[in-house]
Amino acid sequence: MASVIDEPLKRQHRQKRIASEDEKSVLQCKVGNPNCGINLGESLAQGAIGVMPCDVCCAEPDFCRECLCLLCGKKMRCGFNAYTSVRCFARLSGGGFCGHAAHLMCALECQLAGVVKQLGLDMEYVCRRCDSKTDLRGHVVRLLDSLRYSSCRFTVEKNLGTALRIIQGTEDGGAKCLVHHLQTAIQMIWKGSDIRVVYDLLDGKKEIPAD
Ligand SMILES: [Zn+2]
Ligand SMILES: [Zn+2]
Ligand SMILES: [Zn+2]
Ligand SMILES: [Zn+2]
């Protein structure tokens with residue numbers, strides 16, 4: 001008997017709760033990813049400047065601009081140290097920035113990153129959402145730097161491979177030299193060389209002079 005009387009009250013309560021969750025949704029990860037930058041307090045897409053309104057992917061209830069890849073829709077590593085993904089910081093009309101991101105590997109597979117002559121990309125990434133380019137030299141440096149604190153040979157091989165794919169075919173004189181060093185480094189890892197030794201080989205050669 002009591003439950004019947006309680007029912008409208010409960011419903012009211014539930015509606016209130018849903019409303020307050022809606023209000024907070026701007027600051028919460030829409031897909032409930034505990035490792036989302038928003039939840040880590042390291043959001044790169046929800047900074048002080050704000051992001052551009054997006055009625056394409058971001059209007060979808062199951063897409064989070066902060067932690068999902070624009071290309072495959074799967075989770076990306078978030079936070080300031082994430083170098084396996086690339087985020088577009090292009091400032092767009094209206095003052096906000098794009099803020100969409102993708103896995104580097106997805107961008108490379110889709111021919112939206114690296115050296116892609118048809119798109120005029122040289123060690124760059126082009127955002128599929130806003131068509132702006134992002135320089136990937138910083139990513140190359142961070143991928144090579146990852147050898148300093150990684151003891152996993154699989155990760156090291158993968159990171160070196162990703163760096164090589166970004167710069168392979170470049171017209172940049174300084175980076176051409178690095179292509180050769182990277183190929184050597186990958187071979188050394190295959191043959192069982194110590195990660196430290198490989199890092200030392202690459203150290204000092206990873207700064208790509210702009211010319
Ligand atoms: Zn998220
Ligand atoms: Zn979007
Ligand atoms: Zn992806
Ligand atoms: Zn963009």
# chains A, B, ... in the order shown; residues from 1 in each chain; ligands from 1
call {"tool": "residues_around", "arguments": {"residues": "Ile38 of chain A", "least_positions_apart": "6", "cutoff": "9 Å", "atoms": "only C-alpha atoms", "output": "PDB file with N, CA and C atoms, in the first residue's frame"}}
result
ATOM      1  N   LEU A  27      30.623  19.170 -17.802  1.00  0.00           N
ATOM      2  CA  LEU A  27      31.899  18.955 -17.143  1.00  0.00           C
ATOM      3  C   LEU A  27      32.179  17.481 -16.848  1.00  0.00           C
ATOM      4  N   GLN A  28      31.343  16.613 -17.419  1.00  0.00           N
ATOM      5  CA  GLN A  28      31.546  15.197 -17.172  1.00  0.00           C
ATOM      6  C   GLN A  28      31.767  14.468 -18.478  1.00  0.00           C
ATOM      7  N   CYS A  29      32.488  13.347 -18.373  1.00  0.00           N
ATOM      8  CA  CYS A  29      32.678  12.536 -19.566  1.00  0.00           C
ATOM      9  C   CYS A  29      31.356  11.879 -19.926  1.00  0.00           C
ATOM     10  N   LEU A  44      42.175  18.702 -21.969  1.00  0.00           N
ATOM     11  CA  LEU A  44      42.814  19.578 -22.946  1.00  0.00           C
ATOM     12  C   LEU A  44      41.775  20.225 -23.846  1.00  0.00           C
ATOM     13  N   ALA A  45      40.592  19.639 -23.884  1.00  0.00           N
ATOM     14  CA  ALA A  45      39.564  20.169 -24.780  1.00  0.00           C
ATOM     15  C   ALA A  45      38.595  21.108 -24.071  1.00  0.00           C
ATOM     16  N   GLN A  46      38.659  21.171 -22.753  1.00  0.00           N
ATOM     17  CA  GLN A  46      37.703  22.003 -22.020  1.00  0.00           C
ATOM     18  C   GLN A  46      38.434  23.108 -21.249  1.00  0.00           C
ATOM     19  N   GLU A  66      36.764  14.741 -25.570  1.00  0.00           N
ATOM     20  CA  GLU A  66      37.991  14.673 -24.777  1.00  0.00           C
ATOM     21  C   GLU A  66      38.711  13.323 -24.898  1.00  0.00           C
ATOM     22  N   CYS A  67      37.959  12.227 -24.832  1.00  0.00           N
ATOM     23  CA  CYS A  67      38.649  10.933 -24.688  1.00  0.00           C
ATOM     24  C   CYS A  67      38.405   9.944 -25.822  1.00  0.00           C
ATOM     25  N   CYS A  78      44.458   9.881 -22.170  1.00  0.00           N
ATOM     26  CA  CYS A  78      44.272  11.312 -21.970  1.00  0.00           C
ATOM     27  C   CYS A  78      45.375  11.893 -21.093  1.00  0.00           C
ATOM     28  N   GLY A  79      45.354  13.193 -20.972  1.00  0.00           N
ATOM     29  CA  GLY A  79      46.287  13.864 -20.070  1.00  0.00           C
ATOM     30  C   GLY A  79      47.414  14.531 -20.817  1.00  0.00           C
TER      31      GLY A  79
END
call {"tool": "residues_around", "arguments": {"residues": "segment 167-181 of chain A", "least_positions_apart": "5", "cutoff": "12 Å", "atoms": "only C-alpha atoms", "output": "PyMOL selection string"}}
result
chain A and resi 108+113-117+120-125+135-141+144+160-162+186-188+198-211
call {"tool": "atom_distance", "arguments": {"atom1": "atom CA of Lys75 of chain A", "atom2": "atom CA of Leu147 of chain A"}}
result
23.4 Å
call {"tool": "residues_around", "arguments": {"residues": "Asp131 of chain A", "least_positions_apart": "2", "cutoff": "12 Å", "atoms": "only C-alpha atoms", "output": "PDB file with C-alpha atoms, in the first residue's frame"}}
result
ATOM      1  CA  CYS A  88      43.620  19.827 -32.899  1.00  0.00           C
ATOM      2  CA  PHE A  89      44.083  23.194 -31.193  1.00  0.00           C
ATOM      3  CA  ALA A  90      43.075  25.280 -34.183  1.00  0.00           C
ATOM      4  CA  ARG A  91      41.319  28.471 -33.127  1.00  0.00           C
ATOM      5  CA  LEU A  92      38.140  28.762 -35.123  1.00  0.00           C
ATOM      6  CA  CYS A  98      38.470  22.690 -32.253  1.00  0.00           C
ATOM      7  CA  HIS A 100      38.888  17.092 -31.461  1.00  0.00           C
ATOM      8  CA  LEU A 112      45.554  12.127 -42.464  1.00  0.00           C
ATOM      9  CA  ALA A 113      48.985  12.279 -40.836  1.00  0.00           C
ATOM     10  CA  LEU A 119      47.148  16.914 -48.822  1.00  0.00           C
ATOM     11  CA  GLY A 120      50.367  18.906 -48.592  1.00  0.00           C
ATOM     12  CA  LEU A 121      51.278  17.289 -45.268  1.00  0.00           C
ATOM     13  CA  GLU A 124      51.703  17.030 -40.056  1.00  0.00           C
ATOM     14  CA  TYR A 125      48.191  15.961 -39.140  1.00  0.00           C
ATOM     15  CA  VAL A 126      45.020  17.309 -40.701  1.00  0.00           C
ATOM     16  CA  CYS A 127      41.880  17.342 -38.578  1.00  0.00           C
ATOM     17  CA  ARG A 128      38.935  15.711 -40.288  1.00  0.00           C
ATOM     18  CA  ARG A 129      36.536  17.877 -38.316  1.00  0.00           C
ATOM     19  CA  LYS A 133      46.877  21.179 -39.791  1.00  0.00           C
ATOM     20  CA  THR A 134      48.955  20.324 -36.729  1.00  0.00           C
TER      21      THR A 134
END
call {"tool": "residues_near_ligand", "arguments": {"ligand": "ligand 3", "cutoff": "7 Å", "atoms": "only C-alpha atoms and all ligand atoms", "output": "tab-separated table (two decimals) with C-alpha atoms, in the first residue's frame"}}
result
chain	number	residue	atom	x	y	z
A	69	CYS	CA	39.16	9.16	-31.24
A	70	LEU	CA	37.47	11.17	-33.98
A	71	LEU	CA	38.39	8.46	-36.49
A	72	CYS	CA	37.68	5.11	-34.80
A	73	GLY	CA	35.48	6.22	-31.90
A	74	LYS	CA	37.55	4.26	-29.38
A	102	ALA	CA	42.55	11.12	-32.90
A	103	HIS	CA	44.91	8.23	-32.30
A	105	MET	CA	47.91	5.34	-35.63
A	106	CYS	CA	44.35	5.92	-36.90
call {"tool": "select_by_dssp", "arguments": {"residues": "segment 65-140 of chain A", "states": "strand (DSSP E or B)", "output": "PyMOL selection string"}}
result
chain A and resi 68+75+85-87+91+97+101-103+113-116+121-126+133-135
call {"tool": "write_last_selection", "arguments": {"atoms": "C-alpha atoms", "output": "tab-separated table (two decimals), in the first residue's frame"}}
result
chain	number	residue	atom	x	y	z
A	68	LEU	CA	37.38	9.33	-27.91
A	75	LYS	CA	39.18	5.52	-26.19
A	85	SER	CA	47.09	10.73	-29.97
A	86	VAL	CA	46.95	14.17	-31.55
A	87	ARG	CA	44.54	16.94	-30.62
A	91	ARG	CA	41.32	28.47	-33.13
A	97	PHE	CA	39.20	25.95	-30.49
A	101	ALA	CA	41.54	14.42	-31.32
A	102	ALA	CA	42.55	11.12	-32.90
A	103	HIS	CA	44.91	8.23	-32.30
A	113	ALA	CA	48.98	12.28	-40.84
A	114	GLY	CA	52.64	11.93	-41.70
A	115	VAL	CA	53.92	12.84	-45.13
A	116	VAL	CA	50.94	12.93	-47.47
A	121	LEU	CA	51.28	17.29	-45.27
A	122	ASP	CA	54.90	16.99	-44.20
A	123	MET	CA	55.14	15.52	-40.68
A	124	GLU	CA	51.70	17.03	-40.06
A	125	TYR	CA	48.19	15.96	-39.14
A	126	VAL	CA	45.02	17.31	-40.70
A	133	LYS	CA	46.88	21.18	-39.79
A	134	THR	CA	48.96	20.32	-36.73
A	135	ASP	CA	52.74	19.99	-36.78
call {"tool": "closest_atom_pairs", "arguments": {"of": "chain A", "to": "ligand 2", "cutoff": "7 Å", "atoms": "only C-alpha atoms and all ligand atoms", "output": "Markdown table"}}
result
| residue | atom | partner | partner_atom_place_in_ligand_line | distance |
| --- | --- | --- | --- | --- |
| A:Cys54 | CA | ligand 2 | 1 (Zn) | 4.6 |
| A:Asp55 | CA | ligand 2 | 1 (Zn) | 6.5 |
| A:Val56 | CA | ligand 2 | 1 (Zn) | 5.4 |
| A:Cys57 | CA | ligand 2 | 1 (Zn) | 4.0 |
| A:Cys58 | CA | ligand 2 | 1 (Zn) | 3.7 |
| A:Ala59 | CA | ligand 2 | 1 (Zn) | 6.9 |
| A:Arg65 | CA | ligand 2 | 1 (Zn) | 6.1 |
| A:His100 | CA | ligand 2 | 1 (Zn) | 6.4 |
call {"tool": "write_last_selection", "arguments": {"atoms": "C-alpha atoms", "output": "PDB file, in the first residue's frame"}}
result
ATOM      1  CA  CYS A  54      29.986  20.946 -32.574  1.00  0.00           C
ATOM      2  CA  ASP A  55      26.698  19.606 -33.833  1.00  0.00           C
ATOM      3  CA  VAL A  56      28.288  16.743 -35.749  1.00  0.00           C
ATOM      4  CA  CYS A  57      30.102  14.161 -33.603  1.00  0.00           C
ATOM      5  CA  CYS A  58      29.756  15.945 -30.251  1.00  0.00           C
ATOM      6  CA  ALA A  59      25.976  16.005 -30.556  1.00  0.00           C
ATOM      7  CA  ARG A  65      35.488  15.005 -27.579  1.00  0.00           C
ATOM      8  CA  HIS A 100      38.888  17.092 -31.461  1.00  0.00           C
TER       9      HIS A 100
END
call {"tool": "atom_distance", "arguments": {"atom1": "atom CA of Val51 of chain A", "atom2": "atom CA of Lys30 of chain A"}}
result
15.6 Å
call {"tool": "atom_distance", "arguments": {"atom1": "atom CA of Ser43 of chain A", "atom2": "atom CA of Asn159 of chain A"}}
result
23.6 Å
call {"tool": "closest_residue", "arguments": {"among": "A:Ala163, A:Met76, A:Ala107, A:Ile195", "to": "ligand 1", "atoms": "only C-alpha atoms and all ligand atoms"}}
result
A:Met76
call {"tool": "residues_around", "arguments": {"residues": "Arg153 of chain A", "least_positions_apart": "3", "cutoff": "9 Å", "atoms": "only C-alpha atoms", "output": "ChimeraX atom specification"}}
result
/A:150,156-158,189-190,192,195
call {"tool": "closest_residue", "arguments": {"among": "A:Gly99, A:Gly37, A:Pro61, A:Pro53", "to": "ligand 4", "atoms": "only C-alpha atoms and all ligand atoms"}}
result
A:Gly99
call {"tool": "closest_residue", "arguments": {"among": "A:Val197, A:Leu164, A:Cys130, A:Leu182", "to": "ligand 4", "atoms": "only C-alpha atoms and all ligand atoms"}}
result
A:Cys130
call {"tool": "closest_residue", "arguments": {"among": "A:Gly50, A:Gly95, A:Cys64, A:Ser132", "to": "ligand 4", "atoms": "only C-alpha atoms and all ligand atoms"}}
result
A:Ser132
call {"tool": "closest_residue", "arguments": {"among": "A:Asn81, A:Thr184, A:Asn33, A:Ser93", "to": "ligand 4", "atoms": "only C-alpha atoms and all ligand atoms"}}
result
A:Ser93
call {"tool": "select_by_dssp", "arguments": {"residues": "segment 32-69 of chain A", "states": "helix (DSSP H, G or I)", "output": "list in words"}}
result
Gly37, Ile38, Asn39 and Leu40 of chain A
call {"tool": "decode", "arguments": {"residues": "segment 154-165 of chain A", "atoms": "all heavy atoms", "output": "PDB file, in the first residue's frame"}}
result
ATOM      1  N   PHE A 154      58.101  -4.106 -26.567  1.00  0.00           N
ATOM      2  CA  PHE A 154      56.982  -4.002 -27.497  1.00  0.00           C
ATOM      3  C   PHE A 154      56.571  -2.539 -27.672  1.00  0.00           C
ATOM      4  O   PHE A 154      56.382  -2.054 -28.782  1.00  0.00           O
ATOM      5  CB  PHE A 154      55.807  -4.849 -26.988  1.00  0.00           C
ATOM      6  CG  PHE A 154      54.579  -4.744 -27.840  1.00  0.00           C
ATOM      7  CD1 PHE A 154      54.533  -5.350 -29.100  1.00  0.00           C
ATOM      8  CD2 PHE A 154      53.471  -4.028 -27.406  1.00  0.00           C
ATOM      9  CE1 PHE A 154      53.396  -5.244 -29.888  1.00  0.00           C
ATOM     10  CE2 PHE A 154      52.338  -3.912 -28.193  1.00  0.00           C
ATOM     11  CZ  PHE A 154      52.295  -4.532 -29.438  1.00  0.00           C
ATOM     12  N   THR A 155      56.447  -1.821 -26.537  1.00  0.00           N
ATOM     13  CA  THR A 155      56.072  -0.404 -26.579  1.00  0.00           C
ATOM     14  C   THR A 155      57.126   0.411 -27.315  1.00  0.00           C
ATOM     15  O   THR A 155      56.803   1.279 -28.137  1.00  0.00           O
ATOM     16  CB  THR A 155      55.906   0.145 -25.138  1.00  0.00           C
ATOM     17  OG1 THR A 155      54.992  -0.696 -24.452  1.00  0.00           O
ATOM     18  CG2 THR A 155      55.389   1.566 -25.124  1.00  0.00           C
ATOM     19  N   VAL A 156      58.380   0.124 -27.010  1.00  0.00           N
ATOM     20  CA  VAL A 156      59.483   0.860 -27.641  1.00  0.00           C
ATOM     21  C   VAL A 156      59.449   0.667 -29.160  1.00  0.00           C
ATOM     22  O   VAL A 156      59.530   1.632 -29.926  1.00  0.00           O
ATOM     23  CB  VAL A 156      60.841   0.387 -27.049  1.00  0.00           C
ATOM     24  CG1 VAL A 156      62.003   0.824 -27.925  1.00  0.00           C
ATOM     25  CG2 VAL A 156      61.007   0.916 -25.631  1.00  0.00           C
ATOM     26  N   GLU A 157      59.263  -0.576 -29.570  1.00  0.00           N
ATOM     27  CA  GLU A 157      59.234  -0.868 -31.002  1.00  0.00           C
ATOM     28  C   GLU A 157      58.057  -0.147 -31.665  1.00  0.00           C
ATOM     29  O   GLU A 157      58.181   0.432 -32.750  1.00  0.00           O
ATOM     30  CB  GLU A 157      59.099  -2.380 -31.186  1.00  0.00           C
ATOM     31  CG  GLU A 157      59.521  -2.848 -32.553  1.00  0.00           C
ATOM     32  CD  GLU A 157      59.304  -4.353 -32.705  1.00  0.00           C
ATOM     33  OE1 GLU A 157      59.729  -5.118 -31.808  1.00  0.00           O
ATOM     34  OE2 GLU A 157      58.707  -4.744 -33.719  1.00  0.00           O
ATOM     35  N   LYS A 158      56.916  -0.169 -30.971  1.00  0.00           N
ATOM     36  CA  LYS A 158      55.712   0.472 -31.504  1.00  0.00           C
ATOM     37  C   LYS A 158      55.914   1.988 -31.614  1.00  0.00           C
ATOM     38  O   LYS A 158      55.580   2.592 -32.629  1.00  0.00           O
ATOM     39  CB  LYS A 158      54.534   0.164 -30.568  1.00  0.00           C
ATOM     40  CG  LYS A 158      53.191   0.200 -31.257  1.00  0.00           C
ATOM     41  CD  LYS A 158      52.076  -0.325 -30.369  1.00  0.00           C
ATOM     42  CE  LYS A 158      51.879   0.585 -29.184  1.00  0.00           C
ATOM     43  NZ  LYS A 158      50.783   0.187 -28.302  1.00  0.00           N
ATOM     44  N   ASN A 159      56.494   2.593 -30.566  1.00  0.00           N
ATOM     45  CA  ASN A 159      56.683   4.047 -30.574  1.00  0.00           C
ATOM     46  C   ASN A 159      57.689   4.479 -31.639  1.00  0.00           C
ATOM     47  O   ASN A 159      57.493   5.497 -32.306  1.00  0.00           O
ATOM     48  CB  ASN A 159      57.137   4.530 -29.192  1.00  0.00           C
ATOM     49  CG  ASN A 159      55.995   4.459 -28.178  1.00  0.00           C
ATOM     50  OD1 ASN A 159      54.855   4.193 -28.535  1.00  0.00           O
ATOM     51  ND2 ASN A 159      56.304   4.684 -26.916  1.00  0.00           N
ATOM     52  N   LEU A 160      58.750   3.695 -31.799  1.00  0.00           N
ATOM     53  CA  LEU A 160      59.729   4.025 -32.842  1.00  0.00           C
ATOM     54  C   LEU A 160      59.094   3.877 -34.217  1.00  0.00           C
ATOM     55  O   LEU A 160      59.314   4.694 -35.112  1.00  0.00           O
ATOM     56  CB  LEU A 160      60.961   3.111 -32.728  1.00  0.00           C
ATOM     57  CG  LEU A 160      61.873   3.324 -31.515  1.00  0.00           C
ATOM     58  CD1 LEU A 160      63.013   2.304 -31.527  1.00  0.00           C
ATOM     59  CD2 LEU A 160      62.432   4.739 -31.484  1.00  0.00           C
ATOM     60  N   GLY A 161      58.284   2.842 -34.380  1.00  0.00           N
ATOM     61  CA  GLY A 161      57.588   2.609 -35.645  1.00  0.00           C
ATOM     62  C   GLY A 161      56.643   3.754 -35.975  1.00  0.00           C
ATOM     63  O   GLY A 161      56.552   4.189 -37.124  1.00  0.00           O
ATOM     64  N   THR A 162      55.927   4.244 -34.953  1.00  0.00           N
ATOM     65  CA  THR A 162      55.000   5.364 -35.168  1.00  0.00           C
ATOM     66  C   THR A 162      55.771   6.613 -35.579  1.00  0.00           C
ATOM     67  O   THR A 162      55.386   7.315 -36.515  1.00  0.00           O
ATOM     68  CB  THR A 162      54.188   5.651 -33.883  1.00  0.00           C
ATOM     69  OG1 THR A 162      53.569   4.441 -33.459  1.00  0.00           O
ATOM     70  CG2 THR A 162      53.104   6.693 -34.125  1.00  0.00           C
ATOM     71  N   ALA A 163      56.886   6.884 -34.880  1.00  0.00           N
ATOM     72  CA  ALA A 163      57.711   8.050 -35.206  1.00  0.00           C
ATOM     73  C   ALA A 163      58.212   7.950 -36.646  1.00  0.00           C
ATOM     74  O   ALA A 163      58.169   8.934 -37.405  1.00  0.00           O
ATOM     75  CB  ALA A 163      58.884   8.148 -34.233  1.00  0.00           C
ATOM     76  N   LEU A 164      58.646   6.750 -37.028  1.00  0.00           N
ATOM     77  CA  LEU A 164      59.159   6.563 -38.391  1.00  0.00           C
ATOM     78  C   LEU A 164      58.062   6.824 -39.423  1.00  0.00           C
ATOM     79  O   LEU A 164      58.289   7.474 -40.449  1.00  0.00           O
ATOM     80  CB  LEU A 164      59.724   5.141 -38.546  1.00  0.00           C
ATOM     81  CG  LEU A 164      60.316   4.793 -39.914  1.00  0.00           C
ATOM     82  CD1 LEU A 164      61.490   5.709 -40.255  1.00  0.00           C
ATOM     83  CD2 LEU A 164      60.763   3.341 -39.965  1.00  0.00           C
ATOM     84  N   ARG A 165      56.856   6.337 -39.115  1.00  0.00           N
ATOM     85  CA  ARG A 165      55.759   6.538 -40.071  1.00  0.00           C
ATOM     86  C   ARG A 165      55.404   8.012 -40.221  1.00  0.00           C
ATOM     87  O   ARG A 165      54.929   8.426 -41.267  1.00  0.00           O
ATOM     88  CB  ARG A 165      54.522   5.744 -39.628  1.00  0.00           C
ATOM     89  CG  ARG A 165      54.681   4.267 -39.933  1.00  0.00           C
ATOM     90  CD  ARG A 165      53.413   3.501 -39.668  1.00  0.00           C
ATOM     91  NE  ARG A 165      52.330   3.837 -40.594  1.00  0.00           N
ATOM     92  CZ  ARG A 165      51.166   3.207 -40.609  1.00  0.00           C
ATOM     93  NH1 ARG A 165      50.951   2.219 -39.780  1.00  0.00           N
ATOM     94  NH2 ARG A 165      50.225   3.573 -41.465  1.00  0.00           N
TER      95      ARG A 165
END
